[in-house]
$ cat final.pdb   # PDB, C-alpha atoms
ATOM      1  CA  MET A   1      75.262 164.761  69.208
ATOM      2  CA  ASN A   2      72.421 162.698  67.804
ATOM      3  CA  ASP A   3      69.967 165.462  68.669
ATOM      4  CA  ALA A   4      72.147 168.148  67.079
ATOM      5  CA  PHE A   5      72.321 166.005  63.937
ATOM      6  CA  LYS A   6      68.512 165.673  63.951
ATOM      7  CA  GLU A   7      68.302 169.478  64.009
ATOM      8  CA  ALA A   8      70.731 169.639  61.081
ATOM      9  CA  LYS A   9      68.439 167.306  59.127
ATOM     10  CA  LYS A  10      65.520 169.677  59.787
ATOM     11  CA  ALA A  11      67.541 172.518  58.275
ATOM     12  CA  TYR A  12      68.410 170.353  55.272
ATOM     13  CA  ALA A  13      64.738 169.513  54.686
ATOM     14  CA  LEU A  14      63.962 173.252  54.545
ATOM     15  CA  GLY A  15      66.795 174.087  52.162
ATOM     16  CA  GLU A  16      68.973 175.622  54.872
ATOM     17  CA  VAL A  17      72.649 174.798  55.424
ATOM     18  CA  PRO A  18      72.314 171.637  57.544
ATOM     19  CA  ILE A  19      73.720 172.631  60.904
ATOM     20  CA  GLY A  20      71.988 171.889  64.176
ATOM     21  CA  ALA A  21      72.613 172.611  67.830
ATOM     22  CA  VAL A  22      71.195 171.648  71.204
ATOM     23  CA  ILE A  23      71.959 172.996  74.652
ATOM     24  CA  VAL A  24      71.941 170.667  77.634
ATOM     25  CA  CYS A  25      71.676 171.736  81.255
ATOM     26  CA  ASP A  26      71.520 169.290  84.159
ATOM     27  CA  GLY A  27      71.357 166.388  81.715
ATOM     28  CA  LYS A  28      68.278 167.725  79.874
ATOM     29  CA  ILE A  29      67.979 169.427  76.506
ATOM     30  CA  ILE A  30      66.758 172.945  77.227
ATOM     31  CA  SER A  31      66.906 174.327  73.696
ATOM     32  CA  ARG A  32      67.328 173.350  70.070
ATOM     33  CA  GLY A  33      68.206 175.254  66.957
ATOM     34  CA  PHE A  34      68.995 174.836  63.291
ATOM     35  CA  ASN A  35      70.084 177.266  60.620
ATOM     36  CA  LYS A  36      67.356 179.623  59.397
ATOM     37  CA  ARG A  37      69.349 182.276  57.522
ATOM     38  CA  GLU A  38      67.492 181.760  54.246
ATOM     39  CA  SER A  39      63.977 181.455  55.650
ATOM     40  CA  LYS A  40      64.441 184.449  57.985
ATOM     41  CA  GLN A  41      66.746 186.385  55.614
ATOM     42  CA  ASN A  42      68.881 187.191  58.629
ATOM     43  CA  ALA A  43      72.637 186.611  58.789
ATOM     44  CA  LEU A  44      72.442 185.995  62.539
ATOM     45  CA  MET A  45      70.152 182.974  62.318
ATOM     46  CA  HIS A  46      72.794 180.299  62.871
ATOM     47  CA  ALA A  47      71.854 177.152  64.781
ATOM     48  CA  GLU A  48      74.029 178.102  67.751
ATOM     49  CA  ILE A  49      72.598 181.625  68.050
ATOM     50  CA  ILE A  50      69.028 180.326  67.896
ATOM     51  CA  ALA A  51      69.746 177.678  70.543
ATOM     52  CA  ILE A  52      71.436 180.250  72.810
ATOM     53  CA  ASP A  53      68.503 182.649  72.460
ATOM     54  CA  LYS A  54      65.994 179.927  73.366
ATOM     55  CA  ALA A  55      68.095 178.737  76.335
ATOM     56  CA  CYS A  56      68.429 182.267  77.712
ATOM     57  CA  ARG A  57      64.683 182.798  77.456
ATOM     58  CA  LYS A  58      63.960 179.447  79.099
ATOM     59  CA  LEU A  59      66.361 180.051  82.004
ATOM     60  CA  LYS A  60      65.548 183.778  82.159
ATOM     61  CA  SER A  61      69.254 184.519  82.209
ATOM     62  CA  TRP A  62      71.991 185.339  79.714
ATOM     63  CA  ARG A  63      74.421 183.286  81.808
ATOM     64  CA  LEU A  64      74.413 179.662  80.669
ATOM     65  CA  GLU A  65      77.297 178.692  82.957
ATOM     66  CA  ASN A  66      76.254 175.075  83.532
ATOM     67  CA  ALA A  67      75.266 174.418  79.941
ATOM     68  CA  ILE A  68      76.870 172.240  77.314
ATOM     69  CA  MET A  69      76.238 172.950  73.641
ATOM     70  CA  TYR A  70      76.313 170.139  71.092
ATOM     71  CA  VAL A  71      76.592 171.389  67.525
ATOM     72  CA  SER A  72      76.920 169.357  64.366
ATOM     73  CA  LEU A  73      79.606 171.552  62.753
ATOM     74  CA  GLU A  74      82.501 173.449  64.307
ATOM     75  CA  PRO A  75      81.185 176.914  65.233
ATOM     76  CA  CYS A  76      82.067 179.919  63.094
ATOM     77  CA  PRO A  77      83.757 182.973  64.662
ATOM     78  CA  MET A  78      80.431 184.764  65.258
ATOM     79  CA  CYS A  79      78.959 181.768  67.037
ATOM     80  CA  ALA A  80      82.141 181.135  69.025
ATOM     81  CA  GLY A  81      81.909 184.711  70.306
ATOM     82  CA  ALA A  82      78.247 184.228  71.251
ATOM     83  CA  ILE A  83      79.038 180.935  73.000
ATOM     84  CA  SER A  84      81.668 182.702  75.108
ATOM     85  CA  ALA A  85      79.404 185.702  75.786
ATOM     86  CA  ALA A  86      76.677 183.339  77.023
ATOM     87  CA  ARG A  87      79.207 181.785  79.421
ATOM     88  CA  ILE A  88      78.519 178.286  78.099
ATOM     89  CA  LYS A  89      80.665 175.798  79.971
ATOM     90  CA  LYS A  90      81.517 173.488  77.089
ATOM     91  CA  VAL A  91      80.912 173.122  73.363
ATOM     92  CA  VAL A  92      81.063 169.744  71.648
ATOM     93  CA  TYR A  93      81.076 169.667  67.862
ATOM     94  CA  GLY A  94      80.699 166.703  65.554
ATOM     95  CA  CYS A  95      82.418 167.724  62.321
ATOM     96  CA  LYS A  96      85.325 170.019  61.577
ATOM     97  CA  GLU A  97      84.818 172.907  59.191
ATOM     98  CA  LYS A  98      86.713 171.874  56.038
ATOM     99  CA  SER A  99      88.524 175.195  55.780
ATOM    100  CA  SER A 100      89.495 175.355  59.455
ATOM    101  CA  GLY A 101      92.966 173.938  59.691
ATOM    102  CA  ASP A 102      93.880 176.882  61.917
ATOM    103  CA  ASN A 103      91.800 175.887  64.990
ATOM    104  CA  LEU A 104      90.028 179.254  64.867
ATOM    105  CA  CYS A 105      87.088 178.124  67.004
ATOM    106  CA  GLU A 106      89.363 176.850  69.775
ATOM    107  CA  ASN A 107      91.528 179.967  69.518
ATOM    108  CA  ILE A 108      88.519 182.262  69.951
ATOM    109  CA  LEU A 109      86.980 180.268  72.785
ATOM    110  CA  GLY A 110      90.300 180.080  74.619
ATOM    111  CA  SER A 111      91.450 183.638  73.928
ATOM    112  CA  VAL A 112      93.006 185.570  76.813
ATOM    113  CA  ARG A 113      90.997 188.596  75.613
ATOM    114  CA  LEU A 114      87.723 186.965  76.664
ATOM    115  CA  ASN A 115      86.540 186.887  80.271
ATOM    116  CA  HIS A 116      85.110 183.401  79.922
ATOM    117  CA  LYS A 117      86.953 180.354  78.614
ATOM    118  CA  VAL A 118      84.893 177.587  77.037
ATOM    119  CA  GLU A 119      85.965 173.973  77.046
ATOM    120  CA  VAL A 120      85.965 172.621  73.471
ATOM    121  CA  GLU A 121      85.615 168.990  72.458
ATOM    122  CA  PHE A 122      85.542 167.334  69.049
ATOM    123  CA  ASP A 123      83.255 164.272  69.049
ATOM    124  CA  ASN A 124      83.763 162.416  65.768
ATOM    125  CA  THR A 125      81.166 159.668  66.326
ATOM    126  CA  LEU A 126      78.841 161.146  63.666
ATOM    127  CA  GLU A 127      81.485 163.002  61.663
ATOM    128  CA  SER A 128      80.992 160.890  58.537
ATOM    129  CA  ASP A 129      77.193 161.299  58.580
ATOM    130  CA  ILE A 130      77.378 165.042  59.250
ATOM    131  CA  SER A 131      80.006 165.544  56.551
ATOM    132  CA  GLN A 132      77.946 163.498  54.093
ATOM    133  CA  LEU A 133      74.836 165.607  54.759
ATOM    134  CA  LEU A 134      76.764 168.852  54.257
ATOM    135  CA  THR A 135      78.412 167.550  51.074
ATOM    136  CA  GLN A 136      75.049 166.432  49.686
ATOM    137  CA  PHE A 137      73.473 169.798  50.513
ATOM    138  CA  PHE A 138      76.137 171.813  48.704
ATOM    139  CA  LYS A 139      76.204 169.384  45.766
ATOM    140  CA  GLU A 140      72.443 169.828  45.317
ATOM    141  CA  LYS A 141      72.760 173.593  45.701
ATOM    142  CA  ARG A 142      75.421 173.778  42.978
ATOM    143  CA  GLN A 143      73.276 171.614  40.659
ATOM    144  CA  LYS A 144      70.291 173.944  41.148
ATOM    145  CA  GLU A 145      72.440 176.975  40.365
ATOM    146  CA  VAL A 146      73.643 175.394  37.107
ATOM    147  CA  ASN A 147      70.131 174.536  35.948
TER     148      ASN A 147
END
$ encode --input "final.pdb" --output "structure tokens"
Amino acid sequence: MNDAFKEAKKAYALGEVPIGAVIVCDGKIISRGFNKRESKQNALMHAEIIAIDKACRKLKSWRLENAIMYVSLEPCPMCAGAISAARIKKVVYGCKEKSSGDNLCENILGSVRLNHKVEVEFDNTLESDISQLLTQFFKEKRQKEVN
């Protein structure tokens, strides 16, 4: 989770929503990603999607069956779908989405409609730090919009 948080800090430094992800296979980080929607002007450039793309290219396969993804914030529905499509074994996230009292991520990743079920784990060891970074980012963004 520390490495996912480091990726989130990279996004923050570039003015992107501070979310980071890493994918681990056989105990080694095989890919990293952080949000780049603003810099790339592309709605698909979420940390998870970028990390999945890099992992697939590195392994030369779309099947990431032995991989674990660590992501700083609970994945959105688009990313949850991509995680399942990539056959990722497990996703571990470090901070719950504030508006997600409905367990949407877990519901998507465990849906009977999907061929592949993903194990989901909430690791709150860095939750306070991740939440603080996100809060600071959006506070600064609102201040810039007012000025």
$ closest_residue --input "final.pdb" --among "A:Cys25, A:Ala13, A:Cys76, A:Ala82" --to "Ile50 of chain A" --atoms "all atoms listed in the file"
A:Ala82
$ closest_residue --input "final.pdb" --among "A:Val146, A:Leu109, A:Leu64, A:Cys95" --to "Gly20 of chain A" --atoms "all atoms listed in the file"
A:Cys95
$ closest_residue --input "final.pdb" --among "A:Gly101, A:Gly81, A:Gly94, A:Gly33" --to "Arg113 of chain A" --atoms "only C-alpha atoms"
A:Gly81
$ resolve_selection --input "final.pdb" --expression "the PyMOL selection byres ((chain A and resi 119) around 7)" --output "PyMOL selection string"
chain A and resi 89-91+117-118+120-121
$ write_last_selection --input "final.pdb" --atoms "C-alpha atoms" --output "PDB file, in the frame of the given file"
ATOM      1  CA  LYS A  89      80.665 175.798  79.971  1.00  0.00           C
ATOM      2  CA  LYS A  90      81.517 173.488  77.089  1.00  0.00           C
ATOM      3  CA  VAL A  91      80.912 173.122  73.363  1.00  0.00           C
ATOM      4  CA  LYS A 117      86.953 180.354  78.614  1.00  0.00           C
ATOM      5  CA  VAL A 118      84.893 177.587  77.037  1.00  0.00           C
ATOM      6  CA  VAL A 120      85.965 172.621  73.471  1.00  0.00           C
ATOM      7  CA  GLU A 121      85.615 168.990  72.458  1.00  0.00           C
TER       8      GLU A 121
END
$ atom_distance --input "final.pdb" --atom1 "atom CA of Tyr70 of chain A" --atom2 "atom CA of Asn2 of chain A"
9.0 Å
$ closest_residue --input "final.pdb" --among "A:Ile68, A:Leu73, A:Ile52, A:Ala4" --to "Ala85 of chain A" --atoms "all atoms listed in the file"
A:Ile52
$ atom_distance --input "final.pdb" --atom1 "atom CA of Arg63 of chain A" --atom2 "atom CA of His46 of chain A"
19.2 Å
$ resolve_selection --input "final.pdb" --expression "the PyMOL selection byres ((chain A and resi 124-135) around 9)" --output "PyMOL selection string"
chain A and resi 1-2+5+8-9+12+17-19+72-73+93-96+122-123+136-140
$ write_last_selection --input "final.pdb" --atoms "C-alpha atoms" --output "mmCIF file, keeping the file's coordinate frame"
data_model
loop_
_atom_site.group_PDB
_atom_site.id
_atom_site.type_symbol
_atom_site.label_atom_id
_atom_site.label_comp_id
_atom_site.auth_asym_id
_atom_site.auth_seq_id
_atom_site.Cartn_x
_atom_site.Cartn_y
_atom_site.Cartn_z
ATOM 1 C CA MET A 1 75.262 164.761 69.208
ATOM 2 C CA ASN A 2 72.421 162.698 67.804
ATOM 3 C CA PHE A 5 72.321 166.005 63.937
ATOM 4 C CA ALA A 8 70.731 169.639 61.081
ATOM 5 C CA LYS A 9 68.439 167.306 59.127
ATOM 6 C CA TYR A 12 68.410 170.353 55.272
ATOM 7 C CA VAL A 17 72.649 174.798 55.424
ATOM 8 C CA PRO A 18 72.314 171.637 57.544
ATOM 9 C CA ILE A 19 73.720 172.631 60.904
ATOM 10 C CA SER A 72 76.920 169.357 64.366
ATOM 11 C CA LEU A 73 79.606 171.552 62.753
ATOM 12 C CA TYR A 93 81.076 169.667 67.862
ATOM 13 C CA GLY A 94 80.699 166.703 65.554
ATOM 14 C CA CYS A 95 82.418 167.724 62.321
ATOM 15 C CA LYS A 96 85.325 170.019 61.577
ATOM 16 C CA PHE A 122 85.542 167.334 69.049
ATOM 17 C CA ASP A 123 83.255 164.272 69.049
ATOM 18 C CA GLN A 136 75.049 166.432 49.686
ATOM 19 C CA PHE A 137 73.473 169.798 50.513
ATOM 20 C CA PHE A 138 76.137 171.813 48.704
ATOM 21 C CA LYS A 139 76.204 169.384 45.766
ATOM 22 C CA GLU A 140 72.443 169.828 45.317
#
$ atom_distance --input "final.pdb" --atom1 "atom CA of Glu38 of chain A" --atom2 "atom CA of Leu104 of chain A"
25.0 Å
$ resolve_selection --input "final.pdb" --expression "the PyMOL selection byres ((chain A and resi 78) around 10)" --output "PyMOL selection string"
chain A and resi 44+46+48-49+75-77+79-83+105+108
$ residues_around --input "final.pdb" --residues "Asp26 of chain A" --least-positions-apart "3" --cutoff "10 Å" --atoms "all atoms listed in the file" --output "list in words"
Ile29, Ile30, Asn66, Ala67 and Ile68 of chain A
$ residues_near_point --input "final.pdb" --point "(64.0, 179.3, 51.9)" --cutoff "12 Å" --atoms "only C-alpha atoms" --output "list of chain:residue names"
A:Ala11, A:Tyr12, A:Ala13, A:Leu14, A:Gly15, A:Glu16, A:Val17, A:Asn35, A:Lys36, A:Arg37, A:Glu38, A:Ser39, A:Lys40, A:Gln41, A:Asn42
$ build_atoms --input "final.pdb" --residues "segment 16-38 of chain A" --atoms "N, CA, C and O atoms" --output "short mmCIF file (atom, residue, chain, number, x, y, z; two decimals), in the coordinates of the input"
data_model
loop_
_atom_site.label_atom_id
_atom_site.label_comp_id
_atom_site.auth_asym_id
_atom_site.auth_seq_id
_atom_site.Cartn_x
_atom_site.Cartn_y
_atom_site.Cartn_z
N GLU A 16 68.00 174.84 54.11
CA GLU A 16 68.97 175.62 54.87
C GLU A 16 70.27 174.82 54.99
O GLU A 16 70.25 173.58 54.95
N VAL A 17 71.39 175.50 55.19
CA VAL A 17 72.65 174.80 55.42
C VAL A 17 72.43 173.90 56.64
O VAL A 17 71.99 174.37 57.69
N PRO A 18 72.68 172.60 56.49
CA PRO A 18 72.31 171.64 57.54
C PRO A 18 73.25 171.63 58.75
O PRO A 18 74.16 170.81 58.87
N ILE A 19 72.99 172.56 59.64
CA ILE A 19 73.72 172.63 60.90
C ILE A 19 72.68 172.71 62.02
O ILE A 19 71.71 173.46 61.92
N GLY A 20 72.91 171.91 63.05
CA GLY A 20 71.99 171.89 64.18
C GLY A 20 72.73 171.97 65.49
O GLY A 20 73.90 171.60 65.58
N ALA A 21 72.02 172.47 66.51
CA ALA A 21 72.61 172.61 67.83
C ALA A 21 71.57 172.33 68.90
O ALA A 21 70.37 172.58 68.69
N VAL A 22 72.03 171.79 70.02
CA VAL A 22 71.19 171.65 71.20
C VAL A 22 72.01 172.10 72.41
O VAL A 22 73.24 172.01 72.41
N ILE A 23 71.31 172.60 73.41
CA ILE A 23 71.96 173.00 74.65
C ILE A 23 71.39 172.14 75.77
O ILE A 23 70.16 172.01 75.90
N VAL A 24 72.30 171.57 76.55
CA VAL A 24 71.94 170.67 77.63
C VAL A 24 72.33 171.31 78.96
O VAL A 24 73.42 171.85 79.10
N CYS A 25 71.42 171.24 79.91
CA CYS A 25 71.68 171.74 81.26
C CYS A 25 71.12 170.71 82.23
O CYS A 25 69.98 170.25 82.07
N ASP A 26 71.92 170.31 83.18
CA ASP A 26 71.52 169.29 84.16
C ASP A 26 71.02 168.01 83.48
O ASP A 26 70.04 167.41 83.92
N GLY A 27 71.68 167.64 82.40
CA GLY A 27 71.36 166.39 81.72
C GLY A 27 70.13 166.43 80.83
O GLY A 27 69.75 165.41 80.26
N LYS A 28 69.48 167.60 80.69
CA LYS A 28 68.28 167.72 79.87
C LYS A 28 68.49 168.74 78.76
O LYS A 28 69.10 169.79 78.99
N ILE A 29 67.94 168.45 77.60
CA ILE A 29 67.98 169.43 76.51
C ILE A 29 67.04 170.56 76.86
O ILE A 29 65.85 170.35 77.09
N ILE A 30 67.59 171.79 76.90
CA ILE A 30 66.76 172.94 77.23
C ILE A 30 66.45 173.80 76.01
O ILE A 30 65.57 174.65 76.05
N SER A 31 67.21 173.59 74.92
CA SER A 31 66.91 174.33 73.70
C SER A 31 67.50 173.61 72.49
O SER A 31 68.44 172.83 72.62
N ARG A 32 66.91 173.92 71.35
CA ARG A 32 67.33 173.35 70.07
C ARG A 32 67.35 174.47 69.04
O ARG A 32 66.60 175.43 69.16
N GLY A 33 68.19 174.28 68.03
CA GLY A 33 68.21 175.25 66.96
C GLY A 33 68.81 174.66 65.70
O GLY A 33 69.62 173.73 65.77
N PHE A 34 68.37 175.18 64.57
CA PHE A 34 69.00 174.84 63.29
C PHE A 34 69.03 176.10 62.44
O PHE A 34 68.31 177.05 62.71
N ASN A 35 69.91 176.08 61.46
CA ASN A 35 70.08 177.27 60.62
C ASN A 35 68.77 177.71 60.00
O ASN A 35 67.99 176.88 59.50
N LYS A 36 68.55 179.03 60.00
CA LYS A 36 67.36 179.62 59.40
C LYS A 36 67.70 180.92 58.65
O LYS A 36 66.87 181.80 58.52
N ARG A 37 68.95 181.03 58.19
CA ARG A 37 69.35 182.28 57.52
C ARG A 37 68.52 182.57 56.29
O ARG A 37 68.15 183.71 56.04
N GLU A 38 68.25 181.55 55.48
CA GLU A 38 67.49 181.76 54.25
C GLU A 38 66.03 182.06 54.55
O GLU A 38 65.47 183.03 54.02
#
